[in-house]
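Have a look at my_file.cif; it's mmCIF, C-alpha atoms (C1' of nucleotides):
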data_my_file
loop_
_atom_site.label_atom_id
_atom_site.label_comp_id
_atom_site.auth_asym_id
_atom_site.auth_seq_id
_atom_site.Cartn_x
_atom_site.Cartn_y
_atom_site.Cartn_z
CA MET H 1 89.24 94.83 92.92
CA PRO H 2 92.00 92.36 92.10
CA VAL H 3 92.88 89.84 94.78
CA ILE H 4 96.11 90.56 96.59
CA HIS H 5 98.36 87.54 96.66
CA SER H 6 100.80 87.65 99.50
CA ALA H 7 104.23 87.49 97.94
CA GLY H 8 106.75 87.11 100.70
CA ARG H 9 108.66 90.24 101.47
CA PHE H 10 106.89 93.01 99.64
CA SER H 11 106.82 96.72 100.27
CA TRP H 12 103.23 97.75 100.70
CA THR H 13 103.54 101.16 99.13
CA TYR H 14 100.95 102.62 96.83
CA ARG H 15 103.56 103.13 94.17
CA ALA H 16 104.88 99.58 94.29
CA LEU H 17 101.34 98.29 94.33
CA SER H 18 100.16 100.48 91.50
CA GLU H 19 103.15 99.55 89.37
CA ARG H 20 102.37 95.94 90.03
CA LEU H 21 98.78 96.43 89.03
CA ALA H 22 99.89 98.48 86.00
CA THR H 23 97.93 101.50 87.06
CA GLY H 24 98.32 104.83 88.85
CA PRO H 25 98.55 105.22 92.62
CA GLY H 26 95.29 107.11 92.69
CA ALA H 27 93.36 104.18 91.25
CA ILE H 28 93.76 102.20 94.45
CA TYR H 29 91.93 104.89 96.36
CA TRP H 30 88.79 104.12 94.53
CA HIS H 31 88.81 100.66 96.11
CA VAL H 32 90.17 101.29 99.61
CA ALA H 33 89.75 104.22 101.96
CA GLY H 34 93.42 104.46 102.88
CA LYS H 35 96.56 102.69 103.99
CA GLY H 36 94.88 101.19 107.03
CA GLU H 37 92.17 99.53 105.03
CA LEU H 38 94.69 98.38 102.44
CA LEU H 39 96.88 96.63 104.99
CA GLY H 40 93.78 95.35 106.70
CA ALA H 41 92.66 93.71 103.49
CA ALA H 42 96.10 92.20 102.97
CA THR H 43 96.18 90.97 106.54
CA ASP H 44 92.81 89.39 106.16
CA ALA H 45 93.82 87.64 102.96
CA VAL H 46 96.84 86.18 104.69
CA LEU H 47 95.06 85.17 107.87
CA ALA H 48 92.50 83.35 105.80
CA GLY H 49 95.31 81.05 104.69
CA ALA H 50 96.68 80.63 108.18
CA VAL H 51 93.40 79.29 109.51
CA THR H 52 93.62 76.12 107.51
CA ALA H 53 96.83 75.26 109.33
CA GLY H 54 96.08 73.36 112.49
CA ALA H 55 92.67 72.34 111.27
CA SER H 56 93.23 68.66 111.94
CA ASP H 57 95.77 68.33 114.70
CA ALA H 58 95.89 65.68 117.36
CA THR H 59 95.64 67.84 120.47
CA PRO H 60 94.42 71.37 121.14
CA GLN H 61 98.00 72.23 122.01
CA ASP H 62 99.22 71.08 118.61
CA ALA H 63 96.47 72.98 116.88
CA ILE H 64 97.47 76.22 118.58
CA ARG H 65 101.13 75.59 117.84
CA SER H 66 100.36 75.02 114.16
CA LEU H 67 98.36 78.19 113.93
CA ALA H 68 100.99 80.19 115.77
CA LEU H 69 103.79 78.92 113.55
CA GLY H 70 101.68 79.58 110.49
CA VAL H 71 101.62 83.25 111.36
CA PHE H 72 105.20 83.37 112.60
CA ASP H 73 106.78 81.60 109.65
CA ASP H 74 104.87 82.90 106.70
CA HIS H 75 103.54 86.28 107.64
CA PRO H 76 105.21 87.77 110.69
CA TRP H 77 104.56 91.29 109.46
CA ILE H 78 100.90 90.76 110.19
CA GLY H 79 101.42 91.73 113.77
CA THR H 80 102.21 95.28 112.78
CA GLN H 81 98.82 95.65 111.24
CA LEU H 82 95.77 94.36 112.96
CA ALA H 83 92.51 93.08 111.64
CA ARG H 84 90.32 96.05 112.39
CA ALA H 85 87.78 95.89 109.64
CA PRO H 86 84.61 94.77 111.39
CA GLY H 87 83.15 93.30 108.22
CA GLN H 88 83.91 89.99 106.63
CA SER H 89 87.40 89.80 108.11
CA PRO H 90 88.82 86.32 108.79
CA MET H 91 89.90 87.59 112.18
CA PRO H 92 86.86 86.00 113.87
CA ARG H 93 87.71 82.78 112.08
CA VAL H 94 91.16 82.69 113.64
CA PHE H 95 89.79 83.72 116.98
CA GLU H 96 87.15 81.01 116.70
CA ASN H 97 89.88 78.50 116.00
CA ILE H 98 91.85 79.52 119.07
CA GLY H 99 88.72 79.73 121.19
CA ARG H 100 87.69 76.17 120.40
CA GLN H 101 91.09 74.88 121.41
CA VAL H 102 90.80 76.85 124.62
CA GLN H 103 87.44 75.24 125.27
CA ALA H 104 88.89 71.82 124.47
CA LEU H 105 91.58 72.48 127.06
CA GLY H 106 88.85 72.70 129.69
CA VAL H 107 89.04 76.39 130.50
CA PRO H 108 85.92 77.51 132.38
CA ALA H 109 83.53 79.68 130.39
CA ALA H 110 84.19 82.83 132.37
CA ALA H 111 87.90 82.78 131.51
CA GLN H 112 87.71 81.63 127.91
CA PHE H 113 87.68 85.06 126.30
CA SER H 114 90.57 86.25 128.38
CA VAL H 115 92.65 83.15 127.70
CA ALA H 116 91.96 83.16 123.98
CA SER H 117 92.88 86.82 123.86
CA ALA H 118 96.19 86.13 125.56
CA VAL H 119 97.07 83.49 122.99
CA TRP H 120 95.99 85.76 120.16
CA ASN H 121 97.89 88.73 121.54
CA TYR H 122 101.01 86.70 122.05
CA ILE H 123 100.99 85.31 118.52
CA LEU H 124 100.44 88.65 116.80
CA GLY H 125 102.58 90.62 119.22
CA VAL H 126 105.67 88.47 119.21
CA ALA H 127 105.45 87.62 115.52
CA GLY H 128 105.19 91.32 114.69
CA GLN H 129 108.00 92.15 117.03
CA ASN H 130 110.11 89.58 115.29
CA ALA H 131 109.28 90.98 111.89
CA ALA H 132 110.37 94.43 113.06
CA ASN H 133 113.66 93.00 114.27
CA ALA H 134 114.23 91.16 111.02
CA ARG H 135 115.34 94.35 109.29
CA PRO H 136 118.49 95.46 111.05
CA VAL H 137 119.32 99.07 111.88
CA ARG H 138 122.18 99.14 109.46
CA PRO H 139 121.58 96.82 106.53
CA GLU H 140 125.19 95.74 106.31
CA THR H 141 125.23 94.08 109.75
CA ASP H 142 123.90 90.57 109.51
CA ARG H 143 122.18 88.67 112.26
CA THR H 144 124.89 86.35 113.54
CA GLU H 145 127.45 89.10 113.53
CA PHE H 146 125.11 91.30 115.53
CA LEU H 147 124.24 88.55 118.01
CA ASN H 148 127.89 87.81 118.54
CA ALA H 149 128.56 91.45 119.31
CA VAL H 150 125.74 91.69 121.84
CA SER H 151 126.70 88.35 123.36
CA ALA H 152 130.26 89.58 123.82
CA VAL H 153 129.02 92.71 125.58
CA TRP H 154 126.80 90.66 127.86
CA ALA H 155 129.61 88.31 128.76
CA ASP H 156 131.65 91.31 129.80
CA LEU H 157 129.10 92.81 132.18
CA ASP H 158 129.68 93.29 135.87
CA PRO H 159 129.49 89.86 137.58
CA ASP H 160 127.52 91.19 140.54
CA GLU H 161 125.06 93.51 138.91
CA TYR H 162 124.48 91.33 135.86
CA ALA H 163 124.95 87.82 137.16
CA PHE H 164 122.00 86.44 135.24
CA THR H 165 122.57 88.22 131.95
CA ARG H 166 126.24 87.26 131.97
CA GLY H 167 125.32 83.67 132.51
CA VAL H 168 123.02 83.44 129.52
CA ALA H 169 125.22 85.43 127.14
CA GLY H 170 126.21 82.25 125.38
CA ARG H 171 122.63 81.18 124.87
CA LEU H 172 121.81 84.50 123.29
CA ARG H 173 124.36 83.89 120.57
CA ASP H 174 122.92 80.51 119.65
CA HIS H 175 119.27 81.21 120.25
CA ASP H 176 116.64 80.72 117.61
CA ASP H 177 113.75 83.18 117.47
CA ARG H 178 111.35 80.56 116.27
CA THR H 179 112.19 78.23 119.13
CA GLU H 180 111.82 81.04 121.66
CA PHE H 181 108.50 81.94 120.13
CA LEU H 182 107.28 78.38 120.50
CA SER H 183 108.56 78.06 124.06
CA GLY H 184 106.46 81.08 124.97
CA ILE H 185 103.43 79.41 123.44
CA ASP H 186 104.14 76.31 125.46
CA LEU H 187 104.48 78.34 128.62
CA ILE H 188 101.05 79.81 128.02
CA LEU H 189 99.60 76.42 127.17
CA THR H 190 101.03 74.99 130.37
CA GLY H 191 99.61 77.92 132.28
CA ILE H 192 96.21 77.29 130.79
CA THR H 193 95.97 73.66 131.78
CA ALA H 194 97.71 74.16 135.12
CA GLY H 195 95.30 76.88 136.14
CA ARG H 196 92.37 74.56 135.73
CA MET P 1 123.83 115.55 122.90
CA PRO P 2 120.86 116.73 124.92
CA VAL P 3 119.02 114.12 126.92
CA ILE P 4 115.71 113.08 125.43
CA HIS P 5 112.95 113.25 127.98
CA SER P 6 110.05 111.02 127.13
CA ALA P 7 107.04 113.29 126.84
CA GLY P 8 104.00 111.11 126.47
CA ARG P 9 102.65 110.93 122.98
CA PHE P 10 105.24 112.53 120.77
CA SER P 11 105.93 112.15 117.09
CA TRP P 12 109.50 111.03 116.68
CA THR P 13 110.20 112.87 113.44
CA TYR P 14 113.42 114.69 112.77
CA ARG P 15 111.53 117.86 112.10
CA ALA P 16 109.51 117.76 115.30
CA LEU P 17 112.64 116.90 117.21
CA SER P 18 114.77 119.58 115.60
CA GLU P 19 112.12 122.21 116.22
CA ARG P 20 112.00 121.16 119.81
CA LEU P 21 115.74 121.41 120.09
CA ALA P 22 115.67 124.73 118.21
CA THR P 23 117.98 123.50 115.50
CA GLY P 24 117.93 122.09 111.99
CA PRO P 25 117.05 118.49 111.14
CA GLY P 26 120.56 117.88 109.89
CA ALA P 27 122.11 118.67 113.26
CA ILE P 28 120.70 115.47 114.77
CA TYR P 29 122.63 113.42 112.26
CA TRP P 30 125.85 114.50 113.78
CA HIS P 31 124.83 112.72 116.99
CA VAL P 32 123.00 109.65 115.77
CA ALA P 33 123.53 107.48 112.73
CA GLY P 34 119.89 107.38 111.70
CA LYS P 35 116.31 106.80 112.74
CA GLY P 36 117.04 103.38 114.17
CA GLU P 37 119.69 104.65 116.51
CA LEU P 38 117.53 107.63 117.46
CA LEU P 39 114.60 105.48 118.49
CA GLY P 40 116.99 103.07 120.12
CA ALA P 41 118.37 105.85 122.29
CA ALA P 42 114.87 106.97 123.20
CA THR P 43 113.86 103.42 124.01
CA ASP P 44 116.86 103.00 126.22
CA ALA P 45 116.17 106.22 128.08
CA VAL P 46 112.64 105.06 128.78
CA LEU P 47 113.53 101.50 129.73
CA ALA P 48 116.02 102.86 132.22
CA GLY P 49 113.07 104.36 134.07
CA ALA P 50 111.00 101.20 133.84
CA VAL P 51 113.62 99.13 135.62
CA THR P 52 113.14 100.88 138.90
CA ALA P 53 109.53 99.72 138.96
CA GLY P 54 109.26 96.35 140.60
CA ALA P 55 112.58 96.73 142.37
CA SER P 56 111.14 95.93 145.77
CA ASP P 57 108.10 93.74 145.32
CA ALA P 58 106.95 90.98 147.57
CA THR P 59 107.05 88.05 145.15
CA PRO P 60 108.83 87.41 141.85
CA GLN P 61 105.40 87.36 140.25
CA ASP P 62 104.63 90.84 141.53
CA ALA P 63 107.98 92.12 140.38
CA ILE P 64 107.36 90.90 136.84
CA ARG P 65 103.86 92.33 136.86
CA SER P 66 105.17 95.72 137.97
CA LEU P 67 107.79 95.78 135.28
CA ALA P 68 105.32 94.67 132.64
CA LEU P 69 102.80 97.32 133.62
CA GLY P 70 105.54 99.93 133.73
CA VAL P 71 106.17 99.34 130.03
CA PHE P 72 102.53 98.88 129.11
CA ASP P 73 101.21 101.96 130.89
CA ASP P 74 103.87 104.54 130.30
CA HIS P 75 105.65 103.59 127.14
CA PRO P 76 103.77 101.08 125.04
CA TRP P 77 105.33 102.38 121.83
CA ILE P 78 108.60 100.88 122.95
CA GLY P 79 107.61 97.56 121.52
CA THR P 80 107.75 98.90 118.01
CA GLN P 81 111.39 99.75 118.43
CA LEU P 82 113.77 97.38 120.09
CA ALA P 83 116.90 97.88 122.05
CA ARG P 84 119.46 96.93 119.48
CA ALA P 85 122.41 99.06 120.43
CA PRO P 86 124.86 96.59 121.94
CA GLY P 87 126.58 99.27 124.02
CA GLN P 88 125.43 100.78 127.26
CA SER P 89 121.78 100.04 126.61
CA PRO P 90 119.59 99.44 129.68
CA MET P 91 118.18 96.45 127.88
CA PRO P 92 120.45 94.06 129.80
CA ARG P 93 119.31 95.74 133.01
CA VAL P 94 115.69 94.94 132.27
CA PHE P 95 116.60 91.47 131.14
CA GLU P 96 118.62 90.98 134.30
CA ASN P 97 115.62 92.05 136.32
CA ILE P 98 113.37 89.53 134.62
CA GLY P 99 116.02 86.83 134.76
CA ARG P 100 116.43 87.11 138.51
CA GLN P 101 112.70 86.73 139.03
CA VAL P 102 112.78 83.69 136.78
CA GLN P 103 115.55 82.24 138.92
CA ALA P 104 113.60 83.07 142.07
CA LEU P 105 110.69 81.15 140.63
CA GLY P 106 112.84 78.05 140.62
CA VAL P 107 113.25 77.55 136.89
CA PRO P 108 116.13 75.17 136.16
CA ALA P 109 119.23 76.77 134.70
CA ALA P 110 118.88 75.20 131.28
CA ALA P 111 115.48 76.80 130.76
CA GLN P 112 116.10 80.21 132.32
CA PHE P 113 117.13 82.02 129.17
CA SER P 114 114.20 80.67 127.24
CA VAL P 115 111.70 81.54 129.95
CA ALA P 116 113.08 85.03 130.49
CA SER P 117 112.96 85.60 126.75
CA ALA P 118 109.32 84.57 126.62
CA VAL P 119 108.41 87.07 129.33
CA TRP P 120 110.46 89.78 127.65
CA ASN P 121 108.97 89.04 124.23
CA TYR P 122 105.46 89.03 125.58
CA ILE P 123 105.86 92.37 127.32
CA LEU P 124 107.39 94.19 124.38
CA GLY P 125 105.30 92.42 121.77
CA VAL P 126 101.89 92.91 123.29
CA ALA P 127 102.61 96.39 124.58
CA GLY P 128 103.78 97.44 121.13
CA GLN P 129 100.81 95.78 119.52
CA ASN P 130 98.59 97.72 121.81
CA ALA P 131 100.31 100.97 121.00
CA ALA P 132 99.75 100.31 117.31
CA ASN P 133 96.06 99.68 117.94
CA ALA P 134 95.74 102.85 119.98
CA ARG P 135 95.65 104.99 116.86
CA PRO P 136 92.53 103.97 114.97
CA VAL P 137 92.34 103.62 111.20
CA ARG P 138 90.04 106.54 110.82
CA PRO P 139 90.66 109.13 113.50
CA GLU P 140 87.02 109.97 113.91
CA THR P 141 86.00 106.53 115.16
CA ASP P 142 86.62 106.22 118.86
CA ARG P 143 87.36 103.05 120.74
CA THR P 144 84.06 102.20 122.35
CA GLU P 145 82.17 102.95 119.19
CA PHE P 146 84.51 100.66 117.28
CA LEU P 147 84.30 97.86 119.83
CA ASN P 148 80.53 98.06 119.82
CA ALA P 149 80.51 97.70 116.05
CA VAL P 150 82.79 94.66 116.06
CA SER P 151 80.91 93.15 118.96
CA ALA P 152 77.64 93.51 117.05
CA VAL P 153 79.16 91.78 114.04
CA TRP P 154 80.44 88.95 116.20
CA ALA P 155 77.08 88.48 117.87
CA ASP P 156 75.55 88.10 114.45
CA LEU P 157 77.85 85.36 113.18
CA ASP P 158 76.71 81.90 112.19
CA PRO P 159 75.86 79.95 115.38
CA ASP P 160 77.48 76.76 114.11
CA GLU P 161 80.64 78.03 112.50
CA TYR P 162 81.31 80.72 115.10
CA ALA P 163 79.90 79.29 118.29
CA PHE P 164 82.80 80.47 120.41
CA THR P 165 83.23 83.93 118.92
CA ARG P 166 79.50 84.58 119.16
CA GLY P 167 79.53 83.58 122.77
CA VAL P 168 82.26 86.02 123.76
CA ALA P 169 81.01 88.94 121.67
CA GLY P 170 79.73 90.65 124.80
CA ARG P 171 83.03 90.32 126.57
CA LEU P 172 84.81 91.93 123.65
CA ARG P 173 82.74 95.06 124.07
CA ASP P 174 83.60 95.41 127.76
CA HIS P 175 87.13 94.13 127.68
CA ASP P 176 90.04 96.13 128.98
CA ASP P 177 93.35 95.86 127.15
CA ARG P 178 95.36 96.35 130.28
CA THR P 179 93.54 93.56 132.08
CA GLU P 180 93.99 91.22 129.12
CA PHE P 181 97.65 92.09 129.03
CA LEU P 182 98.02 91.21 132.69
CA SER P 183 96.07 87.99 132.36
CA GLY P 184 98.52 86.88 129.70
CA ILE P 185 101.39 87.63 132.05
CA ASP P 186 99.67 85.57 134.73
CA LEU P 187 99.18 82.71 132.31
CA ILE P 188 102.89 82.69 131.59
CA LEU P 189 103.74 82.97 135.28
CA THR P 190 101.48 80.05 136.03
CA GLY P 191 103.09 78.11 133.22
CA ILE P 192 106.52 78.81 134.63
CA THR P 193 105.81 77.50 138.10
CA ALA P 194 103.61 74.65 136.92
CA GLY P 195 106.27 73.36 134.59
CA ARG P 196 108.71 72.96 137.43
"C1'" DA F 1 134.03 120.03 116.53
"C1'" DC F 2 129.45 121.07 115.78
"C1'" DC F 3 125.51 123.47 113.54
"C1'" DT F 4 122.65 125.30 109.45
"C1'" DG F 5 119.20 124.78 106.11
"C1'" DA F 6 118.37 124.00 101.39
"C1'" DA F 7 117.94 119.95 98.60
"C1'" DC F 8 116.89 115.07 97.26
"C1'" DA F 9 114.27 110.91 96.98
"C1'" DC F 10 110.38 108.91 98.69
"C1'" DC F 11 105.96 108.38 100.87
"C1'" DG F 12 100.47 108.66 101.51
"C1'" DT F 13 96.80 111.23 99.72
"C1'" DT F 14 93.99 114.26 96.76
"C1'" DC F 15 91.64 115.62 92.72
"C1'" DA F 16 90.56 117.60 88.24
"C1'" DA F 17 90.40 115.37 84.16
"C1'" DG F 18 89.69 111.65 81.33
"C1'" DT F 19 87.11 107.01 79.49
"C1'" DA L 1 81.59 103.50 87.23
"C1'" DC L 2 86.35 103.37 87.20
"C1'" DC L 3 91.04 104.93 85.88
"C1'" DT L 4 94.90 108.49 85.10
"C1'" DG L 5 98.75 110.98 86.66
"C1'" DA L 6 100.25 115.37 88.09
"C1'" DA L 7 100.35 117.73 92.41
"C1'" DC L 8 100.61 118.47 97.51
"C1'" DA L 9 102.31 117.92 102.12
"C1'" DC L 10 105.30 115.29 104.59
"C1'" DC L 11 109.02 112.22 105.72
"C1'" DG L 12 114.23 110.46 106.42
"C1'" DT L 13 118.60 111.63 104.84
"C1'" DT L 14 122.49 114.12 102.70
"C1'" DC L 15 125.80 117.68 102.26
"C1'" DA L 16 128.10 121.96 101.02
"C1'" DA L 17 128.58 125.76 103.64
"C1'" DG L 18 129.06 128.11 107.76
"C1'" DT L 19 131.00 129.01 112.98
#
Give the structure from the file, written as structure tokens.
Amino acid sequence: MPVIHSAGRFSWTYRALSERLATGPGAIYWHVAGKGELLGAATDAVLAGAVTAGASDATPQDAIRSLALGVFDDHPWIGTQLARAPGQSPMPRVFENIGRQVQALGVPAAAQFSVASAVWNYILGVAGQNAANARPVRPETDRTEFLNAVSAVWADLDPDEYAFTRGVAGRLRDHDDRTEFLSGIDLILTGITAGR
Amino acid sequence: MPVIHSAGRFSWTYRALSERLATGPGAIYWHVAGKGELLGAATDAVLAGAVTAGASDATPQDAIRSLALGVFDDHPWIGTQLARAPGQSPMPRVFENIGRQVQALGVPAAAQFSVASAVWNYILGVAGQNAANARPVRPETDRTEFLNAVSAVWADLDPDEYAFTRGVAGRLRDHDDRTEFLSGIDLILTGITAGR
DNA sequence: ACCTGAACACCGTTCAAGT
DNA sequence: ACCTGAACACCGTTCAAGT
């Protein structure tokens, strides 16, 4: 079967795919069992590329950040579809990468799986979440416009009941998803080393 | 419009909904603009219930854990659909809840928004991720069977290239998603207080 | 003002038929 | 062994027509 090159924003429909491959939609079913396996294969192909990122970083922290950003920046949609194919999936390769950094951070053996899972879950979960948010409810509303609207609502909330939310309304307007994503990673990284 | 009661696992299709409401699919469109707004309304209704959890917990940490588990246990699918409606959404209420715990943990003002966002993102992201994983690719394969298969593959990996993954293959088989979810929360909580 | 329900475009999936 | 493409069931959405 032809290799699937990840091409940015692409609708993974059988019809779009089959048109691209100059064939009928049914042809794909000879190669994959269904949509799940199809997306799984695509996910795997993309993850394989993400592993190389962070291969030679200075600290374990930097290595994890590189890997996380690799997923977040290039292929956030991955989160929606998980590597489930037990076979030759690159999922273990990514997990191995994270796990070694976790070991390098001095996490005791008994906690390593749990800690690596948390990092893994955070990366896929938040990146996927972000990808889902990327397409707005109504296509005509753009991001800044939307954020301004929400920020205005927040700033107008009851000062007693919503003291905190009111206070950060301004930050919402200016916030950057990528930065927030990274700050979460850092929080986890701090938690890892602090818990030692 | 009739209030939508969250009823466990339910397919949010217009047809299923309209049958439930004993009406035609078109009728719903008079009340909501589209699928996004529909799911948004449902999400809001559910989140409103989740806020009460953790209202009176001993420590800020416990309060955040309660809220996180409230989403994870009862309504993991929420993560797939975000509170986007700027209006009277309970989203600010949840965010307020988290924010106050973050303040109680002693996080400096400049970092509060960022930290609260990380907690929020983690909860929705990982819970949603988990909901997506809940339905397997092929319906006939159940969870334990699947985990055993993956675990066996992991245990069989190259000892040099996959030293870490091999080593935790056993833990994968026995792992509990809920526990992993909580351990990630704890990692973040530790990171929050350690970074002070 | 609010509901009805047929209709449209689109999707994943199947399958008899081809080579 | 591998591809074709019409067909099926299903989905979100629209809209003329009803009350």
Please provide the set of residues having any atom within 10 Å of DT4 (chain L), restricted to only C-alpha atoms (C1' of nucleotides), with same-chain residues fewer than 4 positions apart removed, written as a list in words.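 So, after excluding close chain neighbours, the residues are Thr23, Gly24, Pro25, Gly26 and Ala27 of chain H; DA17, DG18 and DT19 of chain F.
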Write a file of the just-selected residues containing C-alpha atoms (C1' of nucleotides), as a PDB file, keeping the file's coordinate frame.
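Written output follows (again-v1.pdb):
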ATOM      1  CA  THR H  23      97.930 101.500  87.060  1.00  0.00           C
ATOM      2  CA  GLY H  24      98.320 104.830  88.850  1.00  0.00           C
ATOM      3  CA  PRO H  25      98.550 105.220  92.620  1.00  0.00           C
ATOM      4  CA  GLY H  26      95.290 107.110  92.690  1.00  0.00           C
ATOM      5  CA  ALA H  27      93.360 104.180  91.250  1.00  0.00           C
TER       6      ALA H  27
ATOM      7  C1'  DA F  17      90.400 115.370  84.160  1.00  0.00           C
ATOM      8  C1'  DG F  18      89.690 111.650  81.330  1.00  0.00           C
ATOM      9  C1'  DT F  19      87.110 107.010  79.490  1.00  0.00           C
TER      10       DT F  19
END
Please provide as a list of chain:residue names all residues within 8 Å of region 5-15 of chain L, with the sequence filter that same-chain residues fewer than 3 positions apart are discarded (counting only C-alpha atoms (C1' of nucleotides)). H:Gly24, H:Gly26, P:Thr13, P:Tyr14, P:Lys35, F:DC8, F:DC10, F:DC11, F:DT14
Could you check how far CA of Gly99 (chain P) sits from CA of Val168 (chain H), in Å to one decimal? 9.4 Å
Residues of chain H within 8 Å of chain P, only C-alpha atoms counted, as JSON, numbers by chain: {"H": [36, 37, 79, 80, 81, 82, 84, 86, 87, 92, 93, 95, 96, 99, 100, 113, 114, 115, 117, 118, 119, 121, 122, 124, 125, 126, 127, 128, 129, 132, 133, 137, 149, 150, 153, 154, 162, 163, 164, 165, 168, 171, 172, 180, 181, 183, 184, 187, 188, 189, 190, 191, 192, 194, 195]}
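Our summary of the geometry notes that CA of Ser11 (chain P) is positioned 24.6 Å from CA of Thr144 (chain P).
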Between CA of Ala131 (chain P) and CA of Ser89 (chain H), measure the distance and give it in Å to one decimal.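 The value is 21.4 Å.
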Mind giving me the axis-aligned box for region 118-133 of chain P with 8 Å on every side, centre plus edges in Å to one decimal, as lines of an AutoDock Vina configuration file?
center_x = 103.3
center_y = 92.8
center_z = 123.3
size_x = 30.4
size_y = 32.4
size_z = 28.0
From the options P:Ala22, P:Ala63, P:Trp30, P:Ala42, which residue's atoms come nearest to chain L, counting all atoms listed in the file?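 Distance minimum relative to chain L lands on P:Trp30.
Taking all atoms listed in the file into account, DC3 (chain F) lies nearest to P:His31 out of the set P:His31, P:Arg143, P:Arg178, P:Arg65.
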